[in-house]
>>> print(open('query-v3.cif').read())   # mmCIF, C-alpha atoms
data_work
loop_
_atom_site.label_atom_id
_atom_site.label_comp_id
_atom_site.auth_asym_id
_atom_site.auth_seq_id
_atom_site.Cartn_x
_atom_site.Cartn_y
_atom_site.Cartn_z
CA MET A 1062 -175.46 -100.57 -132.06
CA ALA A 1063 -171.97 -99.95 -133.38
CA ARG A 1064 -170.84 -96.61 -134.76
CA PRO A 1065 -170.41 -96.42 -138.52
CA LYS A 1066 -166.82 -96.77 -139.69
CA LYS A 1067 -164.99 -93.52 -140.20
CA TYR A 1068 -162.25 -95.00 -142.38
CA ILE A 1069 -162.70 -97.80 -144.89
CA ILE A 1070 -159.54 -99.72 -145.73
CA LYS A 1071 -159.26 -100.94 -149.31
CA LEU A 1072 -155.74 -102.13 -150.11
CA SER A 1073 -154.44 -102.25 -153.66
CA ASN A 1074 -152.64 -105.34 -154.95
CA ASP A 1075 -149.27 -103.57 -154.65
CA GLU A 1076 -149.96 -102.62 -151.04
CA ARG A 1077 -151.08 -106.16 -150.22
CA GLU A 1078 -147.90 -107.55 -151.79
CA ALA A 1079 -145.73 -105.07 -149.86
CA LEU A 1080 -147.41 -106.11 -146.60
CA GLN A 1081 -146.98 -109.82 -147.40
CA LYS A 1082 -143.32 -109.25 -148.28
CA THR A 1083 -142.75 -107.42 -144.98
CA ILE A 1084 -144.47 -110.21 -143.05
CA GLY A 1085 -142.35 -112.82 -144.82
CA ASN A 1086 -139.08 -111.03 -144.05
CA LYS A 1087 -137.31 -112.70 -141.10
CA ARG A 1088 -135.76 -109.43 -139.97
CA THR A 1089 -139.08 -107.62 -139.50
CA CYS A 1090 -139.63 -106.57 -135.89
CA LYS A 1091 -142.73 -107.69 -134.01
CA THR A 1092 -144.29 -104.23 -133.95
CA VAL A 1093 -144.19 -103.82 -137.72
CA LEU A 1094 -145.27 -107.45 -138.18
CA LYS A 1095 -148.40 -106.90 -136.09
CA ARG A 1096 -149.19 -103.66 -137.91
CA CYS A 1097 -149.00 -105.41 -141.28
CA GLN A 1098 -151.13 -108.35 -140.12
CA ILE A 1099 -153.76 -106.06 -138.61
CA LEU A 1100 -153.94 -103.94 -141.76
CA LEU A 1101 -154.39 -107.06 -143.89
CA GLU A 1102 -157.21 -108.18 -141.59
CA LEU A 1103 -158.90 -104.77 -141.95
CA ASP A 1104 -158.86 -104.90 -145.76
CA GLU A 1105 -162.46 -104.59 -147.01
CA GLU A 1106 -161.55 -106.10 -150.40
CA ARG A 1107 -160.53 -109.36 -148.74
CA GLY A 1108 -163.95 -110.22 -147.45
CA ARG A 1109 -164.65 -110.95 -143.78
CA VAL A 1110 -163.55 -108.01 -141.62
CA LEU A 1111 -163.26 -108.36 -137.85
CA THR A 1112 -164.30 -105.61 -135.47
CA HIS A 1113 -161.70 -103.53 -133.71
CA GLU A 1114 -162.37 -105.34 -130.45
CA GLN A 1115 -161.94 -108.75 -132.06
CA LEU A 1116 -158.70 -107.67 -133.72
CA ALA A 1117 -157.39 -106.15 -130.51
CA HIS A 1118 -158.13 -109.38 -128.65
CA SER A 1119 -156.64 -111.69 -131.29
CA TYR A 1120 -153.41 -109.65 -131.72
CA ALA A 1121 -153.07 -108.74 -128.02
CA VAL A 1122 -153.09 -104.98 -128.58
CA SER A 1123 -155.38 -102.21 -127.42
CA ARG A 1124 -158.23 -100.78 -129.47
CA ALA A 1125 -156.35 -97.49 -129.58
CA THR A 1126 -153.49 -99.28 -131.35
CA ILE A 1127 -155.90 -100.52 -134.01
CA THR A 1128 -157.27 -97.00 -134.45
CA ASN A 1129 -153.75 -95.55 -134.66
CA ILE A 1130 -152.76 -98.08 -137.34
CA ILE A 1131 -155.82 -97.17 -139.39
CA GLN A 1132 -155.21 -93.42 -139.04
CA THR A 1133 -151.54 -93.80 -139.93
CA TYR A 1134 -152.43 -95.76 -143.05
CA VAL A 1135 -155.13 -93.30 -144.16
CA LYS A 1136 -152.99 -90.20 -143.56
CA ASN A 1137 -149.52 -91.38 -144.58
CA GLY A 1138 -150.03 -94.51 -146.66
CA ILE A 1139 -148.42 -97.87 -146.35
CA LYS A 1140 -144.81 -96.65 -146.05
CA ASN A 1141 -145.29 -95.61 -142.39
CA ILE A 1142 -146.89 -98.96 -141.55
CA ILE A 1143 -143.97 -100.96 -142.95
CA ARG A 1144 -141.24 -98.79 -141.41
CA TYR A 1145 -140.38 -98.85 -137.70
CA ASN A 1146 -140.01 -95.30 -136.42
CA ILE A 1147 -137.38 -94.97 -133.69
CA SER A 1148 -137.51 -91.78 -131.69
CA PRO A 1149 -134.17 -89.92 -131.77
CA ASN A 1150 -134.52 -89.59 -127.98
CA SER A 1151 -134.77 -93.33 -127.32
CA SER A 1152 -132.00 -95.09 -125.45
CA ALA A 1153 -131.25 -97.32 -128.46
CA ALA A 1154 -130.70 -94.29 -130.70
CA LEU A 1155 -128.46 -92.60 -128.14
CA ARG A 1156 -126.15 -95.55 -127.54
CA LYS A 1157 -122.60 -94.71 -128.51
CA VAL A 1158 -121.13 -98.11 -127.75
CA ASP A 1159 -122.25 -100.98 -129.94
CA GLY A 1160 -121.59 -104.67 -129.28
CA ARG A 1161 -118.26 -104.68 -131.07
CA ALA A 1162 -116.98 -101.68 -129.10
CA GLU A 1163 -118.26 -103.20 -125.83
CA ALA A 1164 -116.36 -106.40 -126.54
CA HIS A 1165 -113.21 -104.41 -127.28
CA ILE A 1166 -113.55 -102.39 -124.05
CA ILE A 1167 -114.04 -105.56 -121.99
CA GLN A 1168 -111.06 -107.16 -123.71
CA LEU A 1169 -108.95 -104.13 -122.79
CA ALA A 1170 -110.16 -104.13 -119.18
CA CYS A 1171 -109.32 -107.83 -118.79
CA SER A 1172 -105.86 -107.47 -120.34
CA PRO A 1173 -102.78 -106.67 -118.23
CA ALA A 1174 -102.51 -103.07 -117.07
CA PRO A 1175 -100.24 -100.75 -119.07
CA GLU A 1176 -96.60 -100.29 -118.11
CA GLY A 1177 -96.21 -98.20 -114.97
CA HIS A 1178 -99.77 -98.83 -113.72
CA SER A 1179 -100.99 -101.46 -111.29
CA ARG A 1180 -104.51 -101.63 -112.80
CA TRP A 1181 -106.79 -100.12 -115.42
CA THR A 1182 -108.65 -96.94 -114.60
CA LEU A 1183 -111.52 -95.42 -116.54
CA ARG A 1184 -109.23 -92.68 -117.82
CA LEU A 1185 -106.65 -95.19 -119.03
CA LEU A 1186 -109.36 -97.23 -120.74
CA GLU A 1187 -110.75 -94.08 -122.32
CA GLU A 1188 -107.34 -93.12 -123.73
CA LYS A 1189 -106.65 -96.62 -125.05
CA ALA A 1190 -110.17 -96.92 -126.55
CA ARG A 1191 -109.77 -93.53 -128.25
CA ILE A 1192 -106.63 -94.83 -129.96
CA GLU A 1193 -107.96 -98.27 -130.95
CA LEU A 1194 -111.61 -97.55 -131.79
CA GLU A 1195 -112.77 -95.37 -134.69
CA VAL A 1196 -115.49 -93.66 -132.63
CA PRO A 1197 -114.39 -91.85 -129.46
CA VAL A 1198 -115.97 -93.38 -126.37
CA GLY A 1199 -116.45 -91.40 -123.17
CA ARG A 1200 -115.72 -92.48 -119.61
CA GLU A 1201 -119.39 -92.78 -118.75
CA ALA A 1202 -120.03 -95.14 -121.67
CA ILE A 1203 -117.06 -97.25 -120.58
CA ARG A 1204 -118.29 -97.26 -116.97
CA GLN A 1205 -121.76 -98.37 -118.04
CA THR A 1206 -120.31 -101.14 -120.22
CA LEU A 1207 -118.17 -102.46 -117.38
CA LYS A 1208 -121.06 -102.21 -114.92
CA LYS A 1209 -123.34 -104.10 -117.29
CA MET A 1210 -120.79 -106.93 -117.38
CA ASN A 1211 -120.25 -106.82 -113.59
CA LEU A 1212 -116.59 -106.02 -114.20
CA ASN A 1213 -115.04 -104.20 -111.27
CA LEU A 1214 -111.69 -102.50 -111.85
CA THR A 1215 -111.04 -102.10 -108.10
CA LYS A 1216 -111.38 -105.78 -107.14
CA ILE A 1217 -107.68 -106.44 -107.52
CA PRO A 1218 -105.66 -104.98 -104.64
CA THR A 1219 -103.11 -102.45 -105.86
CA GLY A 1220 -100.82 -102.61 -102.85
CA ALA A 1221 -101.73 -99.09 -101.72
CA SER A 1222 -103.88 -100.44 -98.90
CA LEU A 1223 -104.24 -103.92 -97.49
CA PRO A 1224 -107.56 -105.76 -97.81
CA LYS A 1225 -109.65 -105.73 -94.58
CA LYS A 1226 -109.04 -109.44 -94.00
CA MET A 1227 -105.28 -108.84 -93.76
CA GLN A 1228 -105.63 -105.73 -91.54
CA ASN A 1229 -107.59 -107.60 -88.83
CA SER A 1230 -105.01 -110.38 -88.52
#
>>> encode(input="query-v3.cif", output="structure tokens")
Amino acid sequence: MARPKKYIIKLSNDEREALQKTIGNKRTCKTVLKRCQILLELDEERGRVLTHEQLAHSYAVSRATITNIIQTYVKNGIKNIIRYNISPNSSAALRKVDGRAEAHIIQLACSPAPEGHSRWTLRLLEEKARIELEVPVGREAIRQTLKKMNLNLTKIPTGASLPKKMQNS
């Protein structure tokens, strides 16, 4: 025998329309999309309501997720269901270099080295990026960008030491 429901979901017409609008928006992320669809399925006014297990199985989420969606709706309303909450500690929120800045850094690294230098260094790239970009970018962010693109600043011999192939000859 199933436990009686603790929360009964009865959506108003405005809430239903807001959920439908969010579902219809192409820019809605998958997490918010699933939340909206699950909440619409849980609506008692709509008629046939699936159990939490059935919903969890059909939307490929856990039962705890279904419970969390219900509790969020009951406590905070529909605004927290529709909005995607990004933690300020997440890696996406902490990124200082966006795609445009990454492209600019890579373009700089692939360009000829400045006058008086045989190659780009992280410090030189940092100075040049500070001048050309609006947002200051640190050496570590530049290093990570170059590493992500498999761009190695030390591949090109500078003349200071011969490559190992030439030394053995």
>>> atom_distance(input="query-v3.cif", atom1="atom CA of A:Lys1067", atom2="atom CA of A:Ile1130")
13.4 Å
>>> atom_distance(input="query-v3.cif", atom1="atom CA of A:Cys1097", atom2="atom CA of A:Leu1080")
5.6 Å
>>> atom_distance(input="query-v3.cif", atom1="atom CA of A:Gln1205", atom2="atom CA of A:Lys1091")
28.0 Å
>>> residues_around(input="query-v3.cif", residues="stretch 1134-1144 of chain A", least_positions_apart="4", cutoff="10 Å", atoms="only C-alpha atoms", output="list in words")
Tyr1068, Ile1069, Ile1070, Leu1072, Glu1076, Arg1077, Ala1079, Leu1080, Lys1082, Thr1083, Ile1084, Thr1089, Cys1090, Thr1092, Val1093, Leu1094, Lys1095, Arg1096, Cys1097, Leu1100, Thr1128, Asn1129 and Ile1130 of chain A
>>> residues_around(input="query-v3.cif", residues="A:Leu1185", least_positions_apart="6", cutoff="10 Å", atoms="only C-alpha atoms", output="CSV table (one decimal) with C-alpha atoms, keeping the file's coordinate frame")
chain,number,residue,atom,x,y,z
A,1169,LEU,CA,-109.0,-104.1,-122.8
A,1170,ALA,CA,-110.2,-104.1,-119.2
A,1174,ALA,CA,-102.5,-103.1,-117.1
A,1175,PRO,CA,-100.2,-100.8,-119.1
A,1178,HIS,CA,-99.8,-98.8,-113.7
A,1191,ARG,CA,-109.8,-93.5,-128.2
A,1200,ARG,CA,-115.7,-92.5,-119.6
>>> closest_residue(input="query-v3.cif", among="A:Glu1195, A:Arg1184, A:Leu1214, A:Ile1099", to="A:Thr1112", atoms="all atoms listed in the file")
A:Ile1099
>>> build_atoms(input="query-v3.cif", residues="stretch 1114-1133 of chain A", atoms="N, CA, C and O atoms", output="JSON list (two decimals), in the frame of the given file")
[["chain", "number", "residue", "atom", "x", "y", "z"],
["A", 1114, "GLU", "N", -162.51, -104.57, -131.69],
["A", 1114, "GLU", "CA", -162.37, -105.34, -130.45],
["A", 1114, "GLU", "C", -161.86, -106.74, -130.71],
["A", 1114, "GLU", "O", -160.99, -107.24, -129.99],
["A", 1115, "GLN", "N", -162.38, -107.40, -131.73],
["A", 1115, "GLN", "CA", -161.94, -108.75, -132.06],
["A", 1115, "GLN", "C", -160.47, -108.75, -132.49],
["A", 1115, "GLN", "O", -159.70, -109.63, -132.09],
["A", 1116, "LEU", "N", -160.09, -107.78, -133.30],
["A", 1116, "LEU", "CA", -158.70, -107.67, -133.72],
["A", 1116, "LEU", "C", -157.78, -107.39, -132.53],
["A", 1116, "LEU", "O", -156.70, -107.98, -132.42],
["A", 1117, "ALA", "N", -158.20, -106.48, -131.67],
["A", 1117, "ALA", "CA", -157.39, -106.15, -130.51],
["A", 1117, "ALA", "C", -157.18, -107.38, -129.63],
["A", 1117, "ALA", "O", -156.08, -107.62, -129.14],
["A", 1118, "HIS", "N", -158.23, -108.17, -129.47],
["A", 1118, "HIS", "CA", -158.13, -109.38, -128.65],
["A", 1118, "HIS", "C", -157.24, -110.43, -129.32],
["A", 1118, "HIS", "O", -156.38, -111.03, -128.66],
["A", 1119, "SER", "N", -157.40, -110.63, -130.61],
["A", 1119, "SER", "CA", -156.64, -111.69, -131.29],
["A", 1119, "SER", "C", -155.16, -111.34, -131.46],
["A", 1119, "SER", "O", -154.31, -112.23, -131.48],
["A", 1120, "TYR", "N", -154.82, -110.05, -131.56],
["A", 1120, "TYR", "CA", -153.41, -109.65, -131.72],
["A", 1120, "TYR", "C", -152.81, -109.11, -130.43],
["A", 1120, "TYR", "O", -151.68, -108.63, -130.43],
["A", 1121, "ALA", "N", -153.54, -109.16, -129.34],
["A", 1121, "ALA", "CA", -153.07, -108.74, -128.02],
["A", 1121, "ALA", "C", -152.57, -107.28, -128.03],
["A", 1121, "ALA", "O", -151.47, -106.97, -127.56],
["A", 1122, "VAL", "N", -153.38, -106.41, -128.59],
["A", 1122, "VAL", "CA", -153.09, -104.98, -128.58],
["A", 1122, "VAL", "C", -154.34, -104.25, -128.10],
["A", 1122, "VAL", "O", -155.41, -104.85, -127.97],
["A", 1123, "SER", "N", -154.21, -102.97, -127.86],
["A", 1123, "SER", "CA", -155.38, -102.21, -127.42],
["A", 1123, "SER", "C", -156.18, -101.72, -128.63],
["A", 1123, "SER", "O", -155.68, -101.72, -129.75],
["A", 1124, "ARG", "N", -157.41, -101.31, -128.38],
["A", 1124, "ARG", "CA", -158.23, -100.78, -129.47],
["A", 1124, "ARG", "C", -157.64, -99.49, -130.01],
["A", 1124, "ARG", "O", -157.76, -99.19, -131.20],
["A", 1125, "ALA", "N", -156.99, -98.74, -129.14],
["A", 1125, "ALA", "CA", -156.35, -97.49, -129.58],
["A", 1125, "ALA", "C", -155.24, -97.79, -130.59],
["A", 1125, "ALA", "O", -155.04, -97.02, -131.54],
["A", 1126, "THR", "N", -154.54, -98.90, -130.41],
["A", 1126, "THR", "CA", -153.49, -99.28, -131.35],
["A", 1126, "THR", "C", -154.10, -99.55, -132.72],
["A", 1126, "THR", "O", -153.54, -99.13, -133.75],
["A", 1127, "ILE", "N", -155.22, -100.24, -132.75],
["A", 1127, "ILE", "CA", -155.90, -100.52, -134.01],
["A", 1127, "ILE", "C", -156.29, -99.21, -134.69],
["A", 1127, "ILE", "O", -156.06, -99.01, -135.88],
["A", 1128, "THR", "N", -156.86, -98.30, -133.92],
["A", 1128, "THR", "CA", -157.27, -97.00, -134.45],
["A", 1128, "THR", "C", -156.06, -96.22, -134.97],
["A", 1128, "THR", "O", -156.13, -95.61, -136.05],
["A", 1129, "ASN", "N", -154.95, -96.25, -134.24],
["A", 1129, "ASN", "CA", -153.75, -95.55, -134.66],
["A", 1129, "ASN", "C", -153.19, -96.12, -135.96],
["A", 1129, "ASN", "O", -152.72, -95.37, -136.82],
["A", 1130, "ILE", "N", -153.23, -97.43, -136.11],
["A", 1130, "ILE", "CA", -152.76, -98.08, -137.34],
["A", 1130, "ILE", "C", -153.60, -97.62, -138.52],
["A", 1130, "ILE", "O", -153.07, -97.27, -139.58],
["A", 1131, "ILE", "N", -154.90, -97.59, -138.33],
["A", 1131, "ILE", "CA", -155.82, -97.17, -139.39],
["A", 1131, "ILE", "C", -155.55, -95.71, -139.77],
["A", 1131, "ILE", "O", -155.44, -95.36, -140.95],
["A", 1132, "GLN", "N", -155.45, -94.83, -138.77],
["A", 1132, "GLN", "CA", -155.21, -93.42, -139.04],
["A", 1132, "GLN", "C", -153.87, -93.19, -139.72],
["A", 1132, "GLN", "O", -153.76, -92.37, -140.63],
["A", 1133, "THR", "N", -152.86, -93.92, -139.30],
["A", 1133, "THR", "CA", -151.54, -93.80, -139.93],
["A", 1133, "THR", "C", -151.61, -94.21, -141.39],
["A", 1133, "THR", "O", -151.04, -93.54, -142.25]]
